[in-house]
Amino acid sequence: MLCTRLLVLFLVATLSAIVEAEAPNIILVTVDTTRADHMGFLGCAGGITPNLDVVARQGIVFERAYSQAPLTPVSHATIFTGTYPQFHTVTDFGHPLPSLLPSVPEILQKSGYHTAAFIGSLVLDPKANMAPGFDRGFDYFDAGFHQKHGPGEDRYHSIERRAGDVVAHTIAWMKRNPKAPFFIWVHLYDPHAPYDPPAPFDTKFKDAYDGEIAYADASLGKLFDYLRQRGLYDRALIAVMSDHGESLGAHGESMHGIFLYDETIRVPLLFKLPGELLAGRRVTSQVRLVDVAPTLLSMLGLPLPRTFQGESLVGRMKSAQENTADLPAFAETEYPHRAFGWSVLRSMRTGKYLFVRAPKRELYDQGRDPRAEHNLATASPAVTDTLQSQLDDFRDKTASFHDASDKQALNSQQTENLAALGYAGSTPSGASPDPLKGDDPKDKIQVSNLLHEGMIAVEDGRYGEAIPILQHVLGESPLISAAQLQLGVALARVRRFPEAIPALRNAVQMIPDSTQAQYELALALYETGAWQESAPYFEFVAKKRPKFPDAQYSLAAVYARIQRVPEAIELLQGVLQQEPEHFRANLLLGRIYTLQGRPEDAVPYLRQAVASEPRNAEAHSFLAEAYNQVGNEAGAIGERSRADALKHETRTSPD
């Protein structure tokens, strides 16, 4: 196994006293959407993070660390590649990590490390096409998320995984793979909206957001305890950080993705070194997440790729000087432009200033105005012009050779996945091709807040709450396709189909390749009796999603209604090959055979329908009729009796 220059002696001794030793195990933890000022080791007095506070006391804390983007995949790409968003080009959800760009997992894997990742959300799942290329360099990548299959499936078994489960998966892998050295990435999604901590964290803290952080901390405590029990904790290198923060109403933003103020860009960052070297050290100078990758590789004595744009923080860890110069911190977000057609935002923290490049420029004195409440841009035009020139020059020099126009639009699967997570997924029609053009997000932030709130309400099945919220969004911004689609879905779920159809038509017109929009429109048309009109939309979805049984069934149901029965039978047989217990496909195919005078063929399918949903009166009634035709009088009487009993229960049960 490859030996490296052990960071322990590298940091404690002088550079001339470096010795050779075994490579340490590395655990890199990213806690999604976590603000720095909600960490105990960064001054929060709420007792939220006792386990991380212990690790912080045993390591080095960076008090002023900044993310380069307020979006999960963008920030994680920066963490792992040591490059800025404009260089690695993962500037939005679903953008692939370039295959030729060196990354920490890949470098460590080639250096002899066993590598594994344990992910908390669909948003970082490469197999779901949400983070293509992020599994590169990992021997094992634990994700496997999917959209909810129905109202009976909760979000924690579909689009995200609670921290306790992520940690349990991590420990299980470690038990199966005891060989060292290992590099493990643990990603916890819990502090991300909707805030829904499990008991007792749901009532123990002042708000649910803090409860989510506390639950994530407690789960990490179990991981650290396991490492201690195995004798692995003391000699491990542990790095903990967040990808970005959360606004929680600051500057009018409810969550994140739009603004670049400290609430969403300042993040916790700490390193615990083997043997608790430099324990208790606190670095007060400004650093960035782009510095994490070069820092890790420097501590291991590995060469830094020429692509790295961050700086190693090893020197700052060693230095006891308080006046170490700040590193300029750049950040940007393209989400306002891609999701809403507004201007992108870019920022630079340098010297005492925070500068935000927006249609209405912003300048803040961070020393006197840490909450960024007093915009000095108008009063200090010379400083503002200078910083804008510096920011533009910096971004140009750190951009990759890839033309921004080459970026692919999100496909329908990615758009649907984002909707499940509460994000808008496609550019509004009419948006300017120039990302610096468009409305200032400051003037439109309530539209973003309401859209995200409405989309999460739809995902959680709170359709009555979602409808007026989404109607308000569309009153302000009718060209947001995500709002049109989600409003149509919400209205359809409460069976207001005539109202749903116009919104769904708008969505199909705006995003014609969206299988969800076409499918929801087809269902709404079908429910209103417009069977012939619904057929082309069902056909589109069935062709696009040949392994989606419900789409094939729906098209078969339409064909049966419009006298295309042979095609309906063929589709239903295909559905049952994929899913033999599919209730509606068995019911419809059995009913068709009965009506065709083929009761012997019908009976097996109707029996399966009854077995799949034994409390469905219609299934028992159809089976009774088929039994009657084949001469099974006793069976027919029994099934008819069960059907009548179920109908009576339905009539008499309180609703």
# chains A, B, ... in the order shown; residues from 1 in each chain; ligands from 1
>>> residues_around(residues="Arg235 of chain A", least_positions_apart="6", cutoff="7 Å", atoms="only C-alpha atoms", output="list of chain:residue names")
A:Pro24, A:Pro274, A:Gly275
>>> residues_around(residues="Pro85 of chain A", least_positions_apart="6", cutoff="9 Å", atoms="only C-alpha atoms", output="list in words")
Gln68, Ala69, Val74, Ser75, Ala77, Thr78, Thr91, Ala331, Glu332 and Ala399 of chain A
>>> write_last_selection(atoms="C-alpha atoms", output="tab-separated table (two decimals), in the first residue's frame")
chain	number	residue	atom	x	y	z
A	68	GLN	CA	-18.54	29.44	-3.91
A	69	ALA	CA	-22.22	28.79	-4.66
A	74	VAL	CA	-22.18	23.31	-7.65
A	75	SER	CA	-20.57	23.63	-4.24
A	77	ALA	CA	-17.99	20.11	-7.38
A	78	THR	CA	-15.84	22.95	-6.02
A	91	THR	CA	-23.05	25.64	-12.42
A	331	ALA	CA	-19.27	33.22	-5.29
A	332	GLU	CA	-21.97	33.07	-7.94
A	399	ALA	CA	-13.16	30.41	-16.24
>>> residues_around(residues="segment 611-622 of chain A", least_positions_apart="6", cutoff="12 Å", atoms="only C-alpha atoms", output="number ranges by chain")
A: 579-595, 599, 602-605, 628-629, 635-651
>>> residues_around(residues="Pro268 of chain A", least_positions_apart="3", cutoff="7 Å", atoms="only C-alpha atoms", output="PDB file with N, CA and C atoms, in the first residue's frame")
ATOM      1  N   ALA A  36     -23.221  28.638   9.310  1.00  0.00           N
ATOM      2  CA  ALA A  36     -22.097  28.664  10.242  1.00  0.00           C
ATOM      3  C   ALA A  36     -22.531  29.135  11.620  1.00  0.00           C
ATOM      4  N   ALA A  65     -15.139  30.818   6.739  1.00  0.00           N
ATOM      5  CA  ALA A  65     -15.034  30.041   5.508  1.00  0.00           C
ATOM      6  C   ALA A  65     -16.250  30.335   4.632  1.00  0.00           C
ATOM      7  N   MET A 241     -17.725  20.125   6.835  1.00  0.00           N
ATOM      8  CA  MET A 241     -18.089  21.414   6.249  1.00  0.00           C
ATOM      9  C   MET A 241     -19.541  21.347   5.782  1.00  0.00           C
ATOM     10  N   SER A 242     -20.086  22.488   5.463  1.00  0.00           N
ATOM     11  CA  SER A 242     -21.366  22.547   4.765  1.00  0.00           C
ATOM     12  C   SER A 242     -21.115  23.008   3.340  1.00  0.00           C
TER      13      SER A 242
END
>>> residues_around(residues="segment 555-557 of chain A", least_positions_apart="6", cutoff="8 Å", atoms="only C-alpha atoms", output="ChimeraX atom specification")
/A:535,538-539,542,567-569,571-572,588
>>> select_by_dssp(residues="segment 275-411 of chain A", states="helix (DSSP H, G or I)", output="ChimeraX atom specification")
/A:275-276,289-299,314-318,335-340,381-398,404-406
>>> atom_distance(atom1="atom CA of Asp243 of chain A", atom2="atom CA of Ile79 of chain A")
8.2 Å
>>> residues_around(residues="segment 301-309 of chain A", least_positions_apart="2", cutoff="7 Å", atoms="only C-alpha atoms", output="ChimeraX atom specification")
/A:4-5,81-83,102,294,297-299,311
>>> residues_around(residues="Gln484 of chain A", least_positions_apart="5", cutoff="10 Å", atoms="only C-alpha atoms", output="ChimeraX atom specification")
/A:470-471,473-474,478-479,489,500,502-508,510,517
